[in-house]
Amino acid sequence: MQNRKIHKVVIAGGGTAGWMVAAGLAKLLGKTLDITLVESDVIGTVGVGEATIPTILTYHELLKIKEQEFLAAVQGTFKLGIAFENWRDVGKDYIHSFGWTGKDSWAAGFQHFWLKGRKLGISREYGEYCKEWVAAKRNRFAVLPNMGLNYAYHIDASLYAQFLRKIAEEHGARRHEGQIRTVHQHPESGYITGLELDSGLRIDGDLFVDCTGFRGLLIEQTLKAGYEDWTHWLPCNSAVAVQTEAVGPPIPYTRSIAHEAGWQWRIPLQHRVGNGIVFSRDHWSDQQATDKLLGNVQGKTLTEPRVLRFAAGQRRRHWYRNCVAVGLSSGFIEPLESTSIHLIQRSTIRLMQMFPYDGIRQPDVDEFNKQMSFEIENVRDFIILHYHVTERTDSSFWRHCRSMEIPDSLQHRIELFRQTGRVFKVPTELFGENSWIQVMLGQGLTPEQYHPIVNMMDDEELQRFLSGIHDAANRLVDQLPEHQRFIDHYCKMM
């Protein structure tokens with residue numbers, strides 16, 4: 001089985017994950033593959049992953065997706081970052097924006113110059129030196145040449161799956177409707193050989209991609225790949241989601257509003273707003289969370305509140321035998337930094353880069369698992385940072401988060417920044433230095449010192465340096481239209 005050439009690829013499950021895989025494989029490798037996707041209209045998808053990060057533009061470039069056509073189809077808006085409200089403490093807010101803040105020197109990042117300016121009383125709020133932050137605060141946006149603004153999207157996830165399905169089917173992928181009744185395995189190797197549907201139809205394949213969501217029908221229920229549970233670091237284990245009517249023009253950022261036992265998202269689309277609350281069942285009941293959510297939404301509700309259960313963590317093996325888990329079946333980290341679709345994208349691209357045409361080889365499997373685990377563990381640490389570095393003591397939930405033990409890898413980053421102001425990006429990790437700095441400062445972590453190279457500037461030079469960056473960001477944003485006006489011109493839904 002291991003040495004058999006891979007020709008037939010069977011994707012179990014649709015939704016964003018299934019159709020991202022199908023579209024990628026069909027468009028970029030389809031001439032050499034037979035691709036089948038199995039999904040059931042009876043089984044719903046989670047469908048609430050409506051916020052993205054800038055890496056999605058890379059995936060769309062690979063598929064040659066036209067941005068305006070895509071945004072109109074998914075009723076999308078633009079996203080310049082995430083506003084974190086009440087995370088540091090009640091009434092204290094900040095924005096984690098995309099792009100870069102200020103200008104670095106060869107020896108030290110911009111934060112060191114800002115720190116000295118802060119001691120002198122001449123520094124503004126850290127974000128004011130980032131054009132994406134300024135544009136978000138002023139509700140302005142435009143697509144500029146050469147990525148003059150770094151951005152992502154807010155999208156309707158269900159419409160996105162439909163959009164990707166069209167691409168996949170145009171390039172030869174086939175869809176079979178039906179529920180999977182039996183997963184057939186080779187009696188000796190344990191490799192999956194076929195999926196039998198409730199209709200009796202059997203779909204055989206060489207490589208199987210599990211996109212069946214939290215249940216992990218192939219990777220876990222069948223192959224027992226194992227799960228590494230991170231709920232001791234990420235205590236939120238439930239969510240309630242609801243859609244509401246839009247009551248005003250969409251803002252170009254996601255809102256993340258912390259509450260006593262979790263946090264609430266608010267994602268503006270062209271036609272509605274996506275809302276949800278992520279919470280810990282150890283601190284709130286489903287009813288308490290639902291009441292909190294409905295008491296804080298704006299506009300008429302369009303759907304009934306829907307409760308979701310999850311456990312933060314990852315599969316011990318993302319690729320096991322001839323099955324690759326993608327999306328929720330491979331693991332889950334709550335949507336605080338909008339990483340779910342990114343991790344689907346990374347799994348898809350990584351699978352294409354390491355595609356086992358001539359048969360599955362263990363070094364490929366091991367490398368795939370190593371890279372996926374490394375990437376998701378760095379995302380995990382970044383999410384834990386938001387909970388652990390906080391000044392909130394107003395509830396048992398936040399007191400627990402402040403006092404809980406955290407991974408050594410994260411503890412090192414925190415202490416490095418606290419004591420020296422330094423941040424280093426780990427090669428191939430998702431979040432760059434600017435992201436770590438914005439969140440650590442935003443959560444109230446102030447370094448004890450700055451790099452001595454900053455003292456090469458006298459106080460007047462430093463003031464001119466900081467003012468020049470601030471003024472340049474504002475001059476650019478002055479030229480931008482309001483977010484709604486740009487959408488109306490660029491990608492208004494029909």
# chains A, B, ... in the order shown; residues from 1 in each chain; ligands from 1
>>> select_by_dssp(residues="stretch 178-279 of chain A", states="strand (DSSP E)", output="PyMOL selection string")
chain A and resi 180-185+192-197+202-204+207-210+227-229+238-245+254-259+262-268+272-279
>>> residues_around(residues="stretch 130-132 of chain A", least_positions_apart="2", cutoff="9 Å", atoms="only C-alpha atoms", output="ChimeraX atom specification")
/A:80-81,97-102,126-128,134-137,141,149-151,469-470,472-474,476-477
>>> write_last_selection(atoms="N, CA and C atoms", output="PDB file, in the first residue's frame")
ATOM      1  N   LEU A  80      -8.266  45.262   8.739  1.00  0.00           N
ATOM      2  CA  LEU A  80      -6.923  45.799   8.974  1.00  0.00           C
ATOM      3  C   LEU A  80      -6.328  45.330  10.297  1.00  0.00           C
ATOM      4  N   GLY A  81      -7.096  44.578  11.062  1.00  0.00           N
ATOM      5  CA  GLY A  81      -6.605  44.092  12.350  1.00  0.00           C
ATOM      6  C   GLY A  81      -7.752  43.696  13.248  1.00  0.00           C
ATOM      7  N   SER A  97      -2.904  45.399  14.810  1.00  0.00           N
ATOM      8  CA  SER A  97      -3.079  45.715  13.395  1.00  0.00           C
ATOM      9  C   SER A  97      -2.096  44.924  12.537  1.00  0.00           C
ATOM     10  N   PHE A  98      -2.437  44.780  11.276  1.00  0.00           N
ATOM     11  CA  PHE A  98      -1.537  44.145  10.321  1.00  0.00           C
ATOM     12  C   PHE A  98      -0.438  45.134   9.917  1.00  0.00           C
ATOM     13  N   GLY A  99       0.544  44.647   9.224  1.00  0.00           N
ATOM     14  CA  GLY A  99       1.592  45.537   8.734  1.00  0.00           C
ATOM     15  C   GLY A  99       2.719  45.712   9.728  1.00  0.00           C
ATOM     16  N   TRP A 100       3.403  46.842   9.620  1.00  0.00           N
ATOM     17  CA  TRP A 100       4.566  47.140  10.448  1.00  0.00           C
ATOM     18  C   TRP A 100       4.345  48.443  11.198  1.00  0.00           C
ATOM     19  N   THR A 101       4.949  48.537  12.366  1.00  0.00           N
ATOM     20  CA  THR A 101       4.874  49.758  13.159  1.00  0.00           C
ATOM     21  C   THR A 101       6.242  50.430  13.170  1.00  0.00           C
ATOM     22  N   GLY A 102       6.282  51.703  12.763  1.00  0.00           N
ATOM     23  CA  GLY A 102       7.526  52.461  12.820  1.00  0.00           C
ATOM     24  C   GLY A 102       8.604  51.949  11.892  1.00  0.00           C
ATOM     25  N   TYR A 126       1.380  53.492  20.756  1.00  0.00           N
ATOM     26  CA  TYR A 126       2.241  52.709  19.874  1.00  0.00           C
ATOM     27  C   TYR A 126       1.632  52.538  18.482  1.00  0.00           C
ATOM     28  N   GLY A 127       0.346  52.280  18.414  1.00  0.00           N
ATOM     29  CA  GLY A 127      -0.296  52.035  17.124  1.00  0.00           C
ATOM     30  C   GLY A 127      -0.298  53.234  16.198  1.00  0.00           C
ATOM     31  N   GLU A 128      -0.150  54.428  16.740  1.00  0.00           N
ATOM     32  CA  GLU A 128      -0.213  55.616  15.897  1.00  0.00           C
ATOM     33  C   GLU A 128       0.952  55.704  14.907  1.00  0.00           C
ATOM     34  N   VAL A 134      -3.877  53.347  12.035  1.00  0.00           N
ATOM     35  CA  VAL A 134      -4.485  54.662  11.834  1.00  0.00           C
ATOM     36  C   VAL A 134      -5.704  54.554  10.923  1.00  0.00           C
ATOM     37  N   ALA A 135      -5.580  53.783   9.839  1.00  0.00           N
ATOM     38  CA  ALA A 135      -6.700  53.614   8.907  1.00  0.00           C
ATOM     39  C   ALA A 135      -7.878  52.923   9.592  1.00  0.00           C
ATOM     40  N   ALA A 136      -7.588  51.910  10.419  1.00  0.00           N
ATOM     41  CA  ALA A 136      -8.657  51.215  11.134  1.00  0.00           C
ATOM     42  C   ALA A 136      -9.391  52.165  12.080  1.00  0.00           C
ATOM     43  N   LYS A 137      -8.644  52.947  12.832  1.00  0.00           N
ATOM     44  CA  LYS A 137      -9.251  53.872  13.792  1.00  0.00           C
ATOM     45  C   LYS A 137     -10.100  54.938  13.082  1.00  0.00           C
ATOM     46  N   PHE A 141     -10.179  52.963   4.090  1.00  0.00           N
ATOM     47  CA  PHE A 141      -9.504  51.825   3.439  1.00  0.00           C
ATOM     48  C   PHE A 141      -9.479  52.022   1.931  1.00  0.00           C
ATOM     49  N   LEU A 149      -1.198  48.983   1.945  1.00  0.00           N
ATOM     50  CA  LEU A 149      -1.845  48.617   3.208  1.00  0.00           C
ATOM     51  C   LEU A 149      -1.916  47.100   3.274  1.00  0.00           C
ATOM     52  N   ASN A 150      -1.553  46.539   4.405  1.00  0.00           N
ATOM     53  CA  ASN A 150      -1.686  45.099   4.610  1.00  0.00           C
ATOM     54  C   ASN A 150      -3.091  44.830   5.144  1.00  0.00           C
ATOM     55  N   TYR A 151      -3.773  43.865   4.546  1.00  0.00           N
ATOM     56  CA  TYR A 151      -5.170  43.641   4.920  1.00  0.00           C
ATOM     57  C   TYR A 151      -5.564  42.181   4.720  1.00  0.00           C
ATOM     58  N   ILE A 469       7.368  59.551  11.352  1.00  0.00           N
ATOM     59  CA  ILE A 469       6.636  58.306  11.103  1.00  0.00           C
ATOM     60  C   ILE A 469       5.142  58.515  11.317  1.00  0.00           C
ATOM     61  N   HIS A 470       4.792  59.180  12.412  1.00  0.00           N
ATOM     62  CA  HIS A 470       3.385  59.455  12.710  1.00  0.00           C
ATOM     63  C   HIS A 470       2.742  60.284  11.604  1.00  0.00           C
ATOM     64  N   ALA A 472       3.669  60.662   8.461  1.00  0.00           N
ATOM     65  CA  ALA A 472       3.598  59.939   7.189  1.00  0.00           C
ATOM     66  C   ALA A 472       2.395  59.000   7.163  1.00  0.00           C
ATOM     67  N   ALA A 473       2.157  58.311   8.281  1.00  0.00           N
ATOM     68  CA  ALA A 473       1.009  57.406   8.350  1.00  0.00           C
ATOM     69  C   ALA A 473      -0.290  58.174   8.173  1.00  0.00           C
ATOM     70  N   ASN A 474      -0.392  59.321   8.809  1.00  0.00           N
ATOM     71  CA  ASN A 474      -1.626  60.108   8.709  1.00  0.00           C
ATOM     72  C   ASN A 474      -1.803  60.737   7.336  1.00  0.00           C
ATOM     73  N   LEU A 476      -0.897  59.399   4.521  1.00  0.00           N
ATOM     74  CA  LEU A 476      -1.406  58.335   3.655  1.00  0.00           C
ATOM     75  C   LEU A 476      -2.891  58.109   3.912  1.00  0.00           C
ATOM     76  N   VAL A 477      -3.266  58.010   5.179  1.00  0.00           N
ATOM     77  CA  VAL A 477      -4.661  57.706   5.516  1.00  0.00           C
ATOM     78  C   VAL A 477      -5.579  58.862   5.116  1.00  0.00           C
TER      79      VAL A 477
END
>>> closest_atom_pairs(of="stretch 69-153 of chain A", to="stretch 380-399 of chain A", cutoff="9 Å", atoms="only C-alpha atoms", output="tab-separated table")
residue	atom	partner	partner_atom	distance
A:Asn86	CA	A:Arg392	CA	8.6
A:Trp87	CA	A:Thr390	CA	6.7
A:Arg88	CA	A:Thr390	CA	4.8
A:Asp89	CA	A:Arg392	CA	4.9
A:Val90	CA	A:Arg392	CA	7.2
>>> write_last_selection(atoms="N, CA and C atoms", output="PDB file, in the first residue's frame")
ATOM      1  N   ASN A  86     -11.287  45.409  26.544  1.00  0.00           N
ATOM      2  CA  ASN A  86     -11.383  44.869  27.911  1.00  0.00           C
ATOM      3  C   ASN A  86     -10.449  43.692  28.158  1.00  0.00           C
ATOM      4  N   TRP A  87      -9.480  43.461  27.316  1.00  0.00           N
ATOM      5  CA  TRP A  87      -8.575  42.320  27.520  1.00  0.00           C
ATOM      6  C   TRP A  87      -7.505  42.636  28.562  1.00  0.00           C
ATOM      7  N   ARG A  88      -6.881  43.785  28.425  1.00  0.00           N
ATOM      8  CA  ARG A  88      -5.887  44.159  29.433  1.00  0.00           C
ATOM      9  C   ARG A  88      -6.573  44.369  30.783  1.00  0.00           C
ATOM     10  N   ASP A  89      -7.678  45.101  30.740  1.00  0.00           N
ATOM     11  CA  ASP A  89      -8.518  45.305  31.907  1.00  0.00           C
ATOM     12  C   ASP A  89      -9.811  45.930  31.404  1.00  0.00           C
ATOM     13  N   VAL A  90     -10.826  45.930  32.237  1.00  0.00           N
ATOM     14  CA  VAL A  90     -12.100  46.518  31.823  1.00  0.00           C
ATOM     15  C   VAL A  90     -11.881  47.992  31.499  1.00  0.00           C
TER      16      VAL A  90
END
>>> residues_around(residues="stretch 158-167 of chain A", least_positions_apart="5", cutoff="10 Å", atoms="only C-alpha atoms", output="PyMOL selection string")
chain A and resi 14-24+26-27+37+45-50+63+65+69-71+73-76+172-175
>>> residues_around(residues="stretch 446-449 of chain A", least_positions_apart="4", cutoff="10 Å", atoms="only C-alpha atoms", output="ChimeraX atom specification")
/A:111-112,115-116,414-422,437,440-442
>>> write_last_selection(atoms="N, CA and C atoms", output="PDB file, in the first residue's frame")
ATOM      1  N   GLN A 111      10.305  49.386  18.690  1.00  0.00           N
ATOM      2  CA  GLN A 111       9.783  49.506  20.052  1.00  0.00           C
ATOM      3  C   GLN A 111      10.797  50.126  21.009  1.00  0.00           C
ATOM      4  N   HIS A 112      12.085  49.952  20.725  1.00  0.00           N
ATOM      5  CA  HIS A 112      13.106  50.525  21.603  1.00  0.00           C
ATOM      6  C   HIS A 112      13.130  52.056  21.499  1.00  0.00           C
ATOM      7  N   LEU A 115      10.066  53.241  23.278  1.00  0.00           N
ATOM      8  CA  LEU A 115      10.192  53.146  24.737  1.00  0.00           C
ATOM      9  C   LEU A 115      10.952  54.341  25.315  1.00  0.00           C
ATOM     10  N   LYS A 116      12.022  54.742  24.647  1.00  0.00           N
ATOM     11  CA  LYS A 116      12.736  55.921  25.145  1.00  0.00           C
ATOM     12  C   LYS A 116      11.861  57.170  25.029  1.00  0.00           C
ATOM     13  N   ILE A 414       7.968  35.978  26.914  1.00  0.00           N
ATOM     14  CA  ILE A 414       7.473  37.015  27.819  1.00  0.00           C
ATOM     15  C   ILE A 414       8.622  37.626  28.623  1.00  0.00           C
ATOM     16  N   GLU A 415       9.474  36.773  29.181  1.00  0.00           N
ATOM     17  CA  GLU A 415      10.574  37.281  30.001  1.00  0.00           C
ATOM     18  C   GLU A 415      11.604  38.028  29.169  1.00  0.00           C
ATOM     19  N   LEU A 416      11.836  37.564  27.953  1.00  0.00           N
ATOM     20  CA  LEU A 416      12.766  38.260  27.065  1.00  0.00           C
ATOM     21  C   LEU A 416      12.276  39.682  26.801  1.00  0.00           C
ATOM     22  N   PHE A 417      10.990  39.810  26.513  1.00  0.00           N
ATOM     23  CA  PHE A 417      10.435  41.140  26.239  1.00  0.00           C
ATOM     24  C   PHE A 417      10.371  41.981  27.502  1.00  0.00           C
ATOM     25  N   ARG A 418       9.953  41.380  28.610  1.00  0.00           N
ATOM     26  CA  ARG A 418       9.827  42.119  29.857  1.00  0.00           C
ATOM     27  C   ARG A 418      11.174  42.714  30.298  1.00  0.00           C
ATOM     28  N   GLN A 419      12.223  41.926  30.175  1.00  0.00           N
ATOM     29  CA  GLN A 419      13.511  42.354  30.699  1.00  0.00           C
ATOM     30  C   GLN A 419      14.344  43.166  29.714  1.00  0.00           C
ATOM     31  N   THR A 420      14.184  42.909  28.403  1.00  0.00           N
ATOM     32  CA  THR A 420      15.069  43.549  27.423  1.00  0.00           C
ATOM     33  C   THR A 420      14.352  44.319  26.322  1.00  0.00           C
ATOM     34  N   GLY A 421      13.047  44.102  26.176  1.00  0.00           N
ATOM     35  CA  GLY A 421      12.324  44.736  25.075  1.00  0.00           C
ATOM     36  C   GLY A 421      12.530  44.043  23.746  1.00  0.00           C
ATOM     37  N   ARG A 422      13.204  42.888  23.755  1.00  0.00           N
ATOM     38  CA  ARG A 422      13.512  42.194  22.502  1.00  0.00           C
ATOM     39  C   ARG A 422      12.468  41.131  22.161  1.00  0.00           C
ATOM     40  N   ILE A 437       4.797  42.240  19.673  1.00  0.00           N
ATOM     41  CA  ILE A 437       5.002  43.513  20.385  1.00  0.00           C
ATOM     42  C   ILE A 437       3.670  44.200  20.652  1.00  0.00           C
ATOM     43  N   MET A 440       1.765  42.240  23.405  1.00  0.00           N
ATOM     44  CA  MET A 440       2.375  42.323  24.731  1.00  0.00           C
ATOM     45  C   MET A 440       2.230  43.724  25.321  1.00  0.00           C
ATOM     46  N   LEU A 441       2.468  44.744  24.517  1.00  0.00           N
ATOM     47  CA  LEU A 441       2.254  46.106  25.008  1.00  0.00           C
ATOM     48  C   LEU A 441       0.779  46.347  25.312  1.00  0.00           C
ATOM     49  N   GLY A 442      -0.069  45.886  24.422  1.00  0.00           N
ATOM     50  CA  GLY A 442      -1.506  46.086  24.601  1.00  0.00           C
ATOM     51  C   GLY A 442      -2.038  45.434  25.856  1.00  0.00           C
TER      52      GLY A 442
END
>>> residues_around(residues="A:Pro481", least_positions_apart="6", cutoff="12 Å", atoms="only C-alpha atoms", output="PyMOL selection string")
chain A and resi 135-136+138-144+252+487-490
>>> write_last_selection(atoms="N, CA and C atoms", output="mmCIF file, in the first residue's frame")
data_model
loop_
_atom_site.group_PDB
_atom_site.id
_atom_site.type_symbol
_atom_site.label_atom_id
_atom_site.label_comp_id
_atom_site.auth_asym_id
_atom_site.auth_seq_id
_atom_site.Cartn_x
_atom_site.Cartn_y
_atom_site.Cartn_z
ATOM 1 N N ALA A 135 -5.580 53.783 9.839
ATOM 2 C CA ALA A 135 -6.700 53.614 8.907
ATOM 3 C C ALA A 135 -7.878 52.923 9.592
ATOM 4 N N ALA A 136 -7.588 51.910 10.419
ATOM 5 C CA ALA A 136 -8.657 51.215 11.134
ATOM 6 C C ALA A 136 -9.391 52.165 12.080
ATOM 7 N N ARG A 138 -9.678 55.296 11.879
ATOM 8 C CA ARG A 138 -10.391 56.356 11.156
ATOM 9 C C ARG A 138 -11.393 55.803 10.149
ATOM 10 N N ASN A 139 -11.570 54.468 10.144
ATOM 11 C CA ASN A 139 -12.575 53.815 9.291
ATOM 12 C C ASN A 139 -12.350 54.116 7.812
ATOM 13 N N ARG A 140 -11.087 54.049 7.402
ATOM 14 C CA ARG A 140 -10.749 54.318 6.002
ATOM 15 C C ARG A 140 -10.019 53.121 5.403
ATOM 16 N N PHE A 141 -10.179 52.963 4.090
ATOM 17 C CA PHE A 141 -9.504 51.825 3.439
ATOM 18 C C PHE A 141 -9.479 52.022 1.931
ATOM 19 N N ALA A 142 -8.428 51.446 1.317
ATOM 20 C CA ALA A 142 -8.354 51.280 -0.140
ATOM 21 C C ALA A 142 -7.306 50.220 -0.424
ATOM 22 N N VAL A 143 -7.476 49.513 -1.529
ATOM 23 C CA VAL A 143 -6.445 48.593 -1.999
ATOM 24 C C VAL A 143 -5.398 49.425 -2.722
ATOM 25 N N LEU A 144 -4.186 49.466 -2.192
ATOM 26 C CA LEU A 144 -3.128 50.318 -2.727
ATOM 27 C C LEU A 144 -2.103 49.488 -3.496
ATOM 28 N N PRO A 252 -13.469 48.480 9.328
ATOM 29 C CA PRO A 252 -12.442 47.629 8.706
ATOM 30 C C PRO A 252 -11.581 46.882 9.719
ATOM 31 N N ILE A 487 -15.895 49.982 -0.608
ATOM 32 C CA ILE A 487 -16.608 48.744 -0.924
ATOM 33 C C ILE A 487 -17.641 48.994 -2.011
ATOM 34 N N ASP A 488 -18.406 50.067 -1.881
ATOM 35 C CA ASP A 488 -19.422 50.389 -2.880
ATOM 36 C C ASP A 488 -18.829 50.540 -4.262
ATOM 37 N N HIS A 489 -17.643 51.080 -4.335
ATOM 38 C CA HIS A 489 -16.980 51.288 -5.623
ATOM 39 C C HIS A 489 -16.301 50.017 -6.140
ATOM 40 N N TYR A 490 -15.789 49.214 -5.217
ATOM 41 C CA TYR A 490 -14.852 48.141 -5.601
ATOM 42 C C TYR A 490 -15.499 46.765 -5.698
#
>>> closest_residue(among="A:Lys224, A:Arg321, A:His186, A:Arg281", to="A:Val209", atoms="only C-alpha atoms")
A:Arg321
>>> select_by_dssp(residues="stretch 77-249 of chain A", states="alpha helix (DSSP H)", output="PyMOL selection string")
chain A and resi 110-120+131-137+157-170
>>> atom_distance(atom1="atom CA of A:Gln243", atom2="atom CA of A:Lys300")
8.6 Å
>>> residues_around(residues="stretch 357-366 of chain A", least_positions_apart="3", cutoff="12 Å", atoms="only C-alpha atoms", output="tab-separated table (two decimals) with C-alpha atoms, in the first residue's frame")
chain	number	residue	atom	x	y	z
A	1	MET	CA	0.00	0.00	0.00
A	2	GLN	CA	2.73	2.47	0.93
A	3	ASN	CA	4.44	2.19	-2.45
A	4	ARG	CA	1.31	2.43	-4.57
A	5	LYS	CA	1.16	5.49	-6.80
A	6	ILE	CA	-1.36	8.09	-5.64
A	7	HIS	CA	-3.97	8.90	-8.25
A	8	LYS	CA	-7.36	8.91	-6.52
A	9	VAL	CA	-7.81	11.49	-3.78
A	29	LEU	CA	-2.46	19.44	-9.47
A	32	THR	CA	-2.60	14.29	-12.67
A	33	LEU	CA	-5.26	13.40	-10.07
A	191	TYR	CA	-4.67	2.01	5.30
A	206	ASP	CA	-5.41	6.05	-2.65
A	207	LEU	CA	-5.15	9.12	-0.39
A	208	PHE	CA	-7.88	10.38	1.93
A	316	ARG	CA	-0.80	13.78	17.64
A	317	ARG	CA	-0.45	12.92	13.95
A	318	HIS	CA	-1.97	15.20	11.34
A	319	TRP	CA	-0.98	12.74	8.60
A	320	TYR	CA	-1.34	9.09	9.57
A	321	ARG	CA	-1.08	6.19	7.13
A	322	ASN	CA	-2.86	7.39	3.97
A	323	CYS	CA	-5.04	9.99	5.68
A	324	VAL	CA	-4.31	13.71	6.09
A	325	ALA	CA	-6.46	15.70	8.53
A	350	ARG	CA	2.03	21.78	2.51
A	351	LEU	CA	0.21	18.69	1.18
A	352	MET	CA	0.65	19.94	-2.38
A	353	GLN	CA	4.33	20.66	-1.79
A	354	MET	CA	4.89	17.17	-0.38
A	369	ASN	CA	3.60	16.31	10.96
A	370	LYS	CA	6.65	18.08	12.34
A	371	GLN	CA	5.98	21.24	10.35
A	372	MET	CA	2.26	21.30	11.14
A	373	SER	CA	2.83	20.77	14.86
>>> closest_residue(among="A:Val439, A:Ile56, A:Val426, A:Val10", to="A:Arg202", atoms="only C-alpha atoms")
A:Val10
>>> closest_residue(among="A:Ala225, A:Lys64, A:Gly148, A:Lys31", to="A:Leu480", atoms="only C-alpha atoms")
A:Gly148
>>> atom_distance(atom1="atom CA of A:His259", atom2="atom CA of A:Ala311")
19.7 Å
>>> residues_around(residues="stretch 269-274 of chain A", least_positions_apart="2", cutoff="10 Å", atoms="only C-alpha atoms", output="ChimeraX atom specification")
/A:48-51,71-72,74-78,153-156,241-252,265-267,276,297-302,484,487-488,491-493
>>> closest_residue(among="A:Phe355, A:Trp106, A:Trp436, A:Tyr94", to="A:Leu25", atoms="only C-alpha atoms")
A:Phe355
>>> closest_residue(among="A:Trp114, A:Phe431, A:Phe84, A:Tyr59", to="A:Ala258", atoms="only C-alpha atoms")
A:Phe84
>>> closest_residue(among="A:Leu223, A:Ala312, A:Ile180, A:Ile453", to="A:Asn237", atoms="only C-alpha atoms")
A:Ala312
>>> atom_distance(atom1="atom CA of A:Asp104", atom2="atom CA of A:Ser123")
15.6 Å
